[in-house]
file work.cif (mmCIF, C-alpha atoms, pLDDT in the B column; chains and numbers go by the auth columns)
data_my_file
loop_
_atom_site.group_PDB
_atom_site.id
_atom_site.type_symbol
_atom_site.label_atom_id
_atom_site.label_comp_id
_atom_site.label_asym_id
_atom_site.label_seq_id
_atom_site.Cartn_x
_atom_site.Cartn_y
_atom_site.Cartn_z
_atom_site.B_iso_or_equiv
_atom_site.auth_seq_id
_atom_site.auth_asym_id
ATOM 1 C CA MET A 1 -69.144 15.033 -35.443 71.00 263 Z
ATOM 2 C CA LYS A 2 -72.457 13.153 -35.190 82.00 264 Z
ATOM 3 C CA LEU A 3 -72.677 11.290 -31.893 83.00 265 Z
ATOM 4 C CA VAL A 4 -75.402 8.739 -31.183 86.00 266 Z
ATOM 5 C CA PHE A 5 -76.405 6.366 -28.461 88.00 267 Z
ATOM 6 C CA PHE A 6 -77.200 2.996 -29.962 90.00 268 Z
ATOM 7 C CA GLU A 7 -78.088 -0.510 -28.854 90.00 269 Z
ATOM 8 C CA TYR A 8 -76.244 -3.547 -30.157 90.00 270 Z
ATOM 9 C CA GLN A 9 -76.663 -7.065 -28.761 90.00 271 Z
ATOM 10 C CA GLY A 10 -78.556 -5.697 -25.746 89.00 272 Z
ATOM 11 C CA LYS A 11 -75.866 -3.181 -24.720 89.00 273 Z
ATOM 12 C CA VAL A 12 -76.212 0.603 -24.952 87.00 274 Z
ATOM 13 C CA ARG A 13 -73.158 2.146 -26.581 88.00 275 Z
ATOM 14 C CA LEU A 14 -71.919 5.549 -27.723 88.00 276 Z
ATOM 15 C CA GLY A 15 -70.566 6.082 -31.195 90.00 277 Z
ATOM 16 C CA GLU A 16 -69.741 8.497 -33.981 89.00 278 Z
ATOM 17 C CA VAL A 17 -71.632 8.224 -37.264 90.00 279 Z
ATOM 18 C CA ILE A 18 -69.309 8.186 -40.274 91.00 280 Z
ATOM 19 C CA GLY A 19 -71.161 7.503 -43.514 91.00 281 Z
ATOM 20 C CA ASN A 20 -73.186 4.307 -42.995 91.00 282 Z
ATOM 21 C CA ASP A 21 -71.041 3.152 -40.070 92.00 283 Z
ATOM 22 C CA ILE A 22 -70.968 3.869 -36.359 93.00 284 Z
ATOM 23 C CA ILE A 23 -67.547 3.821 -34.706 90.00 285 Z
ATOM 24 C CA GLU A 24 -67.937 2.944 -31.020 90.00 286 Z
ATOM 25 C CA MET A 25 -66.340 5.391 -28.576 87.00 287 Z
ATOM 26 C CA GLU A 26 -65.240 5.055 -24.967 77.00 288 Z
ATOM 27 C CA SER A 27 -66.967 8.362 -24.110 66.00 289 Z
ATOM 28 C CA VAL A 28 -67.421 11.805 -25.647 61.00 290 Z
ATOM 29 C CA ASN A 29 -64.081 13.402 -26.666 61.00 291 Z
ATOM 30 C CA LYS A 30 -62.159 10.136 -26.186 65.00 292 Z
ATOM 31 C CA GLU A 31 -60.498 7.825 -28.672 65.00 293 Z
ATOM 32 C CA PRO A 32 -62.588 5.246 -30.538 66.00 294 Z
ATOM 33 C CA LYS A 33 -62.894 1.822 -28.879 74.00 295 Z
ATOM 34 C CA GLY A 34 -62.359 0.091 -32.187 71.00 296 Z
ATOM 35 C CA GLY A 35 -65.791 -1.437 -32.801 84.00 297 Z
ATOM 36 C CA SER A 36 -67.428 -0.545 -36.105 90.00 298 Z
ATOM 37 C CA TYR A 37 -71.107 -1.233 -36.810 92.00 299 Z
ATOM 38 C CA ASP A 38 -73.262 -0.888 -39.901 93.00 300 Z
ATOM 39 C CA ILE A 39 -75.910 1.713 -39.015 90.00 301 Z
ATOM 40 C CA ARG A 40 -78.646 -0.635 -40.286 90.00 302 Z
ATOM 41 C CA SER A 41 -77.618 -3.348 -37.811 91.00 303 Z
ATOM 42 C CA VAL A 42 -78.137 -1.273 -34.649 92.00 304 Z
ATOM 43 C CA LYS A 43 -81.037 0.483 -32.936 90.00 305 Z
ATOM 44 C CA ILE A 44 -80.474 4.240 -32.701 89.00 306 Z
ATOM 45 C CA LEU A 45 -81.653 5.452 -29.279 87.00 307 Z
ATOM 46 C CA PRO A 46 -83.130 8.844 -28.383 81.00 308 Z
ATOM 47 C CA VAL A 47 -80.922 11.535 -26.871 75.00 309 Z
ATOM 48 C CA GLN A 48 -80.623 11.114 -23.114 72.00 310 Z
ATOM 49 C CA THR A 49 -81.380 14.468 -21.514 74.00 311 Z
ATOM 50 C CA ALA A 50 -82.664 15.945 -18.266 74.00 312 Z
ATOM 51 C CA SER A 51 -84.719 18.760 -19.808 76.00 313 Z
ATOM 52 C CA ILE A 52 -86.269 19.651 -23.124 81.00 314 Z
ATOM 53 C CA PHE A 53 -86.938 23.377 -23.534 82.00 315 Z
ATOM 54 C CA CYS A 54 -89.376 24.282 -26.322 81.00 316 Z
ATOM 55 C CA VAL A 55 -90.549 27.389 -28.136 81.00 317 Z
ATOM 56 C CA LEU A 56 -93.990 27.521 -29.734 76.00 318 Z
ATOM 57 C CA VAL A 57 -94.097 29.514 -32.956 71.00 319 Z
ATOM 58 C CA ASN A 58 -96.673 27.778 -35.144 69.00 320 Z
ATOM 59 C CA SER A 59 -97.502 28.690 -38.710 75.00 321 Z
ATOM 60 C CA TYR A 60 -100.729 30.612 -39.036 78.00 322 Z
ATOM 61 C CA LYS A 61 -102.333 27.582 -40.739 80.00 323 Z
ATOM 62 C CA MET A 62 -101.610 25.390 -37.694 75.00 324 Z
ATOM 63 C CA LEU A 63 -103.416 27.977 -35.550 77.00 325 Z
ATOM 64 C CA GLY A 64 -106.440 27.936 -37.865 81.00 326 Z
ATOM 65 C CA ALA A 65 -105.861 31.564 -38.936 85.00 327 Z
ATOM 66 C CA SER A 66 -106.342 32.748 -42.498 89.00 328 Z
ATOM 67 C CA SER A 67 -103.251 34.987 -42.673 89.00 329 Z
ATOM 68 C CA LYS A 68 -99.845 35.517 -41.055 86.00 330 Z
ATOM 69 C CA GLN A 69 -101.092 38.719 -39.429 89.00 331 Z
ATOM 70 C CA GLU A 70 -104.113 36.966 -37.909 89.00 332 Z
ATOM 71 C CA GLY A 71 -101.787 34.196 -36.641 83.00 333 Z
ATOM 72 C CA LYS A 72 -99.492 36.767 -34.986 82.00 334 Z
ATOM 73 C CA GLU A 73 -102.472 38.360 -33.276 86.00 335 Z
ATOM 74 C CA MET A 74 -103.721 34.975 -32.036 83.00 336 Z
ATOM 75 C CA LEU A 75 -100.355 33.786 -30.713 80.00 337 Z
ATOM 76 C CA GLY A 76 -98.869 37.097 -29.622 81.00 338 Z
ATOM 77 C CA THR A 77 -95.236 36.472 -28.721 80.00 339 Z
ATOM 78 C CA PRO A 78 -93.571 33.045 -28.881 79.00 340 Z
ATOM 79 C CA LYS A 79 -94.487 30.787 -25.959 80.00 341 Z
ATOM 80 C CA PHE A 80 -91.865 28.817 -24.003 86.00 342 Z
ATOM 81 C CA PHE A 81 -92.513 25.481 -22.316 84.00 343 Z
ATOM 82 C CA ILE A 82 -90.720 22.286 -21.285 85.00 344 Z
ATOM 83 C CA LYS A 83 -91.308 18.624 -22.073 81.00 345 Z
ATOM 84 C CA LEU A 84 -90.313 15.671 -19.953 81.00 346 Z
ATOM 85 C CA PRO A 85 -87.567 13.377 -21.276 77.00 347 Z
ATOM 86 C CA SER A 86 -89.993 10.450 -20.954 77.00 348 Z
ATOM 87 C CA ILE A 87 -91.882 11.647 -24.067 77.00 349 Z
ATOM 88 C CA VAL A 88 -88.894 11.093 -26.369 78.00 350 Z
ATOM 89 C CA VAL A 89 -89.085 8.016 -28.598 76.00 351 Z
ATOM 90 C CA GLY A 90 -86.344 6.438 -30.649 76.00 352 Z
ATOM 91 C CA ASN A 91 -85.985 6.005 -34.377 75.00 353 Z
ATOM 92 C CA GLY A 92 -88.581 3.488 -35.596 78.00 354 Z
ATOM 93 C CA ASP A 93 -90.391 3.304 -32.212 80.00 355 Z
ATOM 94 C CA ILE A 94 -94.183 3.351 -32.055 81.00 356 Z
ATOM 95 C CA VAL A 95 -95.892 6.660 -31.215 77.00 357 Z
ATOM 96 C CA TYR A 96 -99.124 6.104 -29.288 78.00 358 Z
ATOM 97 C CA ALA A 97 -101.612 8.917 -29.857 78.00 359 Z
ATOM 98 C CA PRO A 98 -105.265 9.284 -30.824 78.00 360 Z
ATOM 99 C CA LYS A 99 -105.796 9.767 -34.549 75.00 361 Z
ATOM 100 C CA SER A 100 -107.407 13.155 -33.881 76.00 362 Z
ATOM 101 C CA GLY A 101 -104.279 14.304 -32.003 73.00 363 Z
ATOM 102 C CA ILE A 102 -101.756 13.748 -34.788 69.00 364 Z
ATOM 103 C CA ARG A 103 -100.967 16.513 -37.247 67.00 365 Z
ATOM 104 C CA PRO A 104 -97.887 16.960 -39.401 64.00 366 Z
ATOM 105 C CA GLU A 105 -95.430 19.634 -38.371 64.00 367 Z
ATOM 106 C CA VAL A 106 -91.720 20.300 -38.465 61.00 368 Z
ATOM 107 C CA GLU A 107 -89.615 19.891 -35.316 68.00 369 Z
ATOM 108 C CA ILE A 108 -86.069 21.126 -34.881 67.00 370 Z
ATOM 109 C CA GLY A 109 -83.817 19.929 -32.073 69.00 371 Z
ATOM 110 C CA ILE A 110 -80.729 21.796 -30.907 69.00 372 Z
ATOM 111 C CA ILE A 111 -78.382 20.190 -28.410 67.00 373 Z
ATOM 112 C CA ILE A 112 -76.251 22.566 -26.363 67.00 374 Z
ATOM 113 C CA LYS A 113 -73.072 20.835 -25.199 64.00 375 Z
ATOM 114 C CA GLU A 114 -71.284 23.654 -23.400 65.00 376 Z
ATOM 115 C CA LYS A 115 -72.076 27.035 -21.864 62.00 377 Z
#

call {"tool": "encode", "arguments": {"input": "work.cif", "output": "structure tokens"}}
result
Amino acid sequence: MKLVFFEYQGKVRLGEVIGNDIIEMESVNKEPKGGSYDIRSVKILPVQTASIFCVLVNSYKMLGASSKQEGKEMLGTPKFFIKLPSIVVGNGDIVYAPKSGIRPEVEIGIIIKEK
């Protein structure tokens, strides 16, 4: 099940993505409301969360090291940190950053629903 928050006609809604459609839902684990929207006709919103916990394990190239071993020595063990929810942007939103501060890297997000 792929759940998303989305905006349609100025209202924030919750829905399940099925193919290229979003089926609006009353709330998580409830029956669909009945509304169906083409995914291209809505604005997908970022996940609404209170905390974002992160782990830093960069590739040795991102650290400026010449080998994996040198990268391990520079970083030591993985580093843990948090980010504020206010830094999250939605699909297609503008990211404001200095050109010197942008570098390509892979990000993985895991959402934990239950204990």

call {"tool": "closest_residue", "arguments": {"input": "work.cif", "among": "Z:Ile284, Z:Val266, Z:Leu318, Z:Met324", "to": "Ser303 in chain Z", "atoms": "only C-alpha atoms"}}
result
Z:Ile284

call {"tool": "atom_distance", "arguments": {"input": "work.cif", "atom1": "CA of Leu265 in chain Z", "atom2": "CA of Val350 in chain Z"}}
result
17.1 Å

call {"tool": "resolve_selection", "arguments": {"input": "work.cif", "expression": "the PyMOL selection byres ((chain Z and resi 336) around 12)", "output": "PyMOL selection string"}}
result
chain Z and resi 319-335+337-341

call {"tool": "atom_distance", "arguments": {"input": "work.cif", "atom1": "CA of Tyr299 in chain Z", "atom2": "CA of Gly281 in chain Z"}}
result
11.0 Å

call {"tool": "axis_aligned_box", "arguments": {"input": "work.cif", "around": "range 264-270 of chain Z", "padding_each_side": "6 Å", "output": "JSON"}}
result
{"center_x": -75.3, "center_y": 4.8, "center_z": -31.8, "size_x": 17.6, "size_y": 28.7, "size_z": 18.7}

call {"tool": "atom_distance", "arguments": {"input": "work.cif", "atom1": "CA of Lys264 in chain Z", "atom2": "CA of Phe315 in chain Z"}}
result
21.2 Å

call {"tool": "residues_around", "arguments": {"input": "work.cif", "residues": "Ser298 in chain Z", "least_positions_apart": "3", "cutoff": "10 Å", "atoms": "only C-alpha atoms", "output": "ChimeraX atom specification"}}
result
/Z:277-280,283-287,294-295,301

call {"tool": "closest_atom_pairs", "arguments": {"input": "work.cif", "of": "range 296-373 of chain Z", "to": "range 269-276 of chain Z", "cutoff": "8 Å", "atoms": "only C-alpha atoms", "output": "tab-separated table"}}
result
residue	atom	partner	partner_atom	distance
Z:Ser303	CA	Z:Tyr270	CA	7.8
Z:Val304	CA	Z:Tyr270	CA	5.4
Z:Lys305	CA	Z:Glu269	CA	5.1
Z:Ile306	CA	Z:Glu269	CA	6.6
Z:Leu307	CA	Z:Glu269	CA	7.0

call {"tool": "closest_residue", "arguments": {"input": "work.cif", "among": "Z:Met263, Z:Leu346, Z:Gly363, Z:Gly352", "to": "Pro308 in chain Z", "atoms": "only C-alpha atoms"}}
result
Z:Gly352

call {"tool": "build_atoms", "arguments": {"input": "work.cif", "residues": "range 316-337 of chain Z", "atoms": "N, CA, C and O atoms", "output": "PDB file, in the coordinates of the input"}}
result
ATOM      1  N   CYS Z 316     -88.702  24.119 -25.028  1.00 81.00           N
ATOM      2  CA  CYS Z 316     -89.376  24.282 -26.322  1.00 81.00           C
ATOM      3  C   CYS Z 316     -89.868  25.714 -26.512  1.00 81.00           C
ATOM      4  O   CYS Z 316     -90.150  26.424 -25.543  1.00 81.00           O
ATOM      5  N   VAL Z 317     -89.984  26.095 -27.769  1.00 81.00           N
ATOM      6  CA  VAL Z 317     -90.549  27.389 -28.136  1.00 81.00           C
ATOM      7  C   VAL Z 317     -91.678  27.121 -29.119  1.00 81.00           C
ATOM      8  O   VAL Z 317     -91.503  26.392 -30.089  1.00 81.00           O
ATOM      9  N   LEU Z 318     -92.830  27.695 -28.858  1.00 76.00           N
ATOM     10  CA  LEU Z 318     -93.990  27.521 -29.734  1.00 76.00           C
ATOM     11  C   LEU Z 318     -94.111  28.731 -30.655  1.00 76.00           C
ATOM     12  O   LEU Z 318     -94.329  29.849 -30.209  1.00 76.00           O
ATOM     13  N   VAL Z 319     -93.901  28.492 -31.941  1.00 71.00           N
ATOM     14  CA  VAL Z 319     -94.097  29.514 -32.956  1.00 71.00           C
ATOM     15  C   VAL Z 319     -94.719  28.787 -34.149  1.00 71.00           C
ATOM     16  O   VAL Z 319     -94.025  28.397 -35.073  1.00 71.00           O
ATOM     17  N   ASN Z 320     -96.000  28.526 -34.083  1.00 69.00           N
ATOM     18  CA  ASN Z 320     -96.673  27.778 -35.144  1.00 69.00           C
ATOM     19  C   ASN Z 320     -96.934  28.637 -36.368  1.00 69.00           C
ATOM     20  O   ASN Z 320     -97.041  29.859 -36.274  1.00 69.00           O
ATOM     21  N   SER Z 321     -97.080  27.972 -37.507  1.00 75.00           N
ATOM     22  CA  SER Z 321     -97.502  28.690 -38.710  1.00 75.00           C
ATOM     23  C   SER Z 321     -98.953  29.103 -38.520  1.00 75.00           C
ATOM     24  O   SER Z 321     -99.688  28.490 -37.739  1.00 75.00           O
ATOM     25  N   TYR Z 322     -99.360  30.122 -39.209  1.00 78.00           N
ATOM     26  CA  TYR Z 322    -100.729  30.612 -39.036  1.00 78.00           C
ATOM     27  C   TYR Z 322    -101.751  29.548 -39.410  1.00 78.00           C
ATOM     28  O   TYR Z 322    -102.844  29.478 -38.841  1.00 78.00           O
ATOM     29  N   LYS Z 323    -101.416  28.652 -40.347  1.00 80.00           N
ATOM     30  CA  LYS Z 323    -102.333  27.582 -40.739  1.00 80.00           C
ATOM     31  C   LYS Z 323    -102.539  26.590 -39.597  1.00 80.00           C
ATOM     32  O   LYS Z 323    -103.639  26.077 -39.408  1.00 80.00           O
ATOM     33  N   MET Z 324    -101.483  26.300 -38.833  1.00 75.00           N
ATOM     34  CA  MET Z 324    -101.610  25.390 -37.694  1.00 75.00           C
ATOM     35  C   MET Z 324    -102.512  25.983 -36.613  1.00 75.00           C
ATOM     36  O   MET Z 324    -103.150  25.254 -35.867  1.00 75.00           O
ATOM     37  N   LEU Z 325    -102.564  27.304 -36.543  1.00 77.00           N
ATOM     38  CA  LEU Z 325    -103.416  27.977 -35.550  1.00 77.00           C
ATOM     39  C   LEU Z 325    -104.859  28.110 -36.033  1.00 77.00           C
ATOM     40  O   LEU Z 325    -105.728  28.528 -35.280  1.00 77.00           O
ATOM     41  N   GLY Z 326    -105.094  27.789 -37.309  1.00 81.00           N
ATOM     42  CA  GLY Z 326    -106.440  27.936 -37.865  1.00 81.00           C
ATOM     43  C   GLY Z 326    -106.731  29.341 -38.348  1.00 81.00           C
ATOM     44  O   GLY Z 326    -107.874  29.691 -38.616  1.00 81.00           O
ATOM     45  N   ALA Z 327    -105.691  30.181 -38.467  1.00 85.00           N
ATOM     46  CA  ALA Z 327    -105.861  31.564 -38.936  1.00 85.00           C
ATOM     47  C   ALA Z 327    -105.802  31.584 -40.464  1.00 85.00           C
ATOM     48  O   ALA Z 327    -105.279  30.674 -41.103  1.00 85.00           O
ATOM     49  N   SER Z 328    -106.317  32.646 -41.042  1.00 89.00           N
ATOM     50  CA  SER Z 328    -106.342  32.748 -42.498  1.00 89.00           C
ATOM     51  C   SER Z 328    -105.186  33.574 -43.070  1.00 89.00           C
ATOM     52  O   SER Z 328    -105.019  33.631 -44.279  1.00 89.00           O
ATOM     53  N   SER Z 329    -104.393  34.206 -42.199  1.00 89.00           N
ATOM     54  CA  SER Z 329    -103.251  34.987 -42.673  1.00 89.00           C
ATOM     55  C   SER Z 329    -102.164  35.012 -41.598  1.00 89.00           C
ATOM     56  O   SER Z 329    -102.419  34.713 -40.431  1.00 89.00           O
ATOM     57  N   LYS Z 330    -100.954  35.411 -42.014  1.00 86.00           N
ATOM     58  CA  LYS Z 330     -99.845  35.517 -41.055  1.00 86.00           C
ATOM     59  C   LYS Z 330    -100.171  36.544 -39.973  1.00 86.00           C
ATOM     60  O   LYS Z 330     -99.888  36.340 -38.801  1.00 86.00           O
ATOM     61  N   GLN Z 331    -100.756  37.664 -40.390  1.00 89.00           N
ATOM     62  CA  GLN Z 331    -101.092  38.719 -39.429  1.00 89.00           C
ATOM     63  C   GLN Z 331    -102.099  38.223 -38.386  1.00 89.00           C
ATOM     64  O   GLN Z 331    -101.926  38.463 -37.195  1.00 89.00           O
ATOM     65  N   GLU Z 332    -103.122  37.505 -38.843  1.00 89.00           N
ATOM     66  CA  GLU Z 332    -104.113  36.966 -37.909  1.00 89.00           C
ATOM     67  C   GLU Z 332    -103.453  35.972 -36.953  1.00 89.00           C
ATOM     68  O   GLU Z 332    -103.746  35.955 -35.754  1.00 89.00           O
ATOM     69  N   GLY Z 333    -102.518  35.147 -37.474  1.00 83.00           N
ATOM     70  CA  GLY Z 333    -101.787  34.196 -36.641  1.00 83.00           C
ATOM     71  C   GLY Z 333    -100.958  34.886 -35.581  1.00 83.00           C
ATOM     72  O   GLY Z 333    -100.921  34.457 -34.428  1.00 83.00           O
ATOM     73  N   LYS Z 334    -100.287  36.000 -35.953  1.00 82.00           N
ATOM     74  CA  LYS Z 334     -99.492  36.767 -34.986  1.00 82.00           C
ATOM     75  C   LYS Z 334    -100.378  37.332 -33.885  1.00 82.00           C
ATOM     76  O   LYS Z 334    -100.006  37.341 -32.708  1.00 82.00           O
ATOM     77  N   GLU Z 335    -101.547  37.807 -34.272  1.00 86.00           N
ATOM     78  CA  GLU Z 335    -102.472  38.360 -33.276  1.00 86.00           C
ATOM     79  C   GLU Z 335    -102.986  37.271 -32.334  1.00 86.00           C
ATOM     80  O   GLU Z 335    -103.154  37.507 -31.137  1.00 86.00           O
ATOM     81  N   MET Z 336    -103.229  36.082 -32.869  1.00 83.00           N
ATOM     82  CA  MET Z 336    -103.721  34.975 -32.036  1.00 83.00           C
ATOM     83  C   MET Z 336    -102.662  34.492 -31.059  1.00 83.00           C
ATOM     84  O   MET Z 336    -102.948  34.258 -29.888  1.00 83.00           O
ATOM     85  N   LEU Z 337    -101.425  34.337 -31.535  1.00 80.00           N
ATOM     86  CA  LEU Z 337    -100.355  33.786 -30.713  1.00 80.00           C
ATOM     87  C   LEU Z 337     -99.696  34.839 -29.836  1.00 80.00           C
ATOM     88  O   LEU Z 337     -99.304  34.565 -28.710  1.00 80.00           O
TER      89      LEU Z 337
END
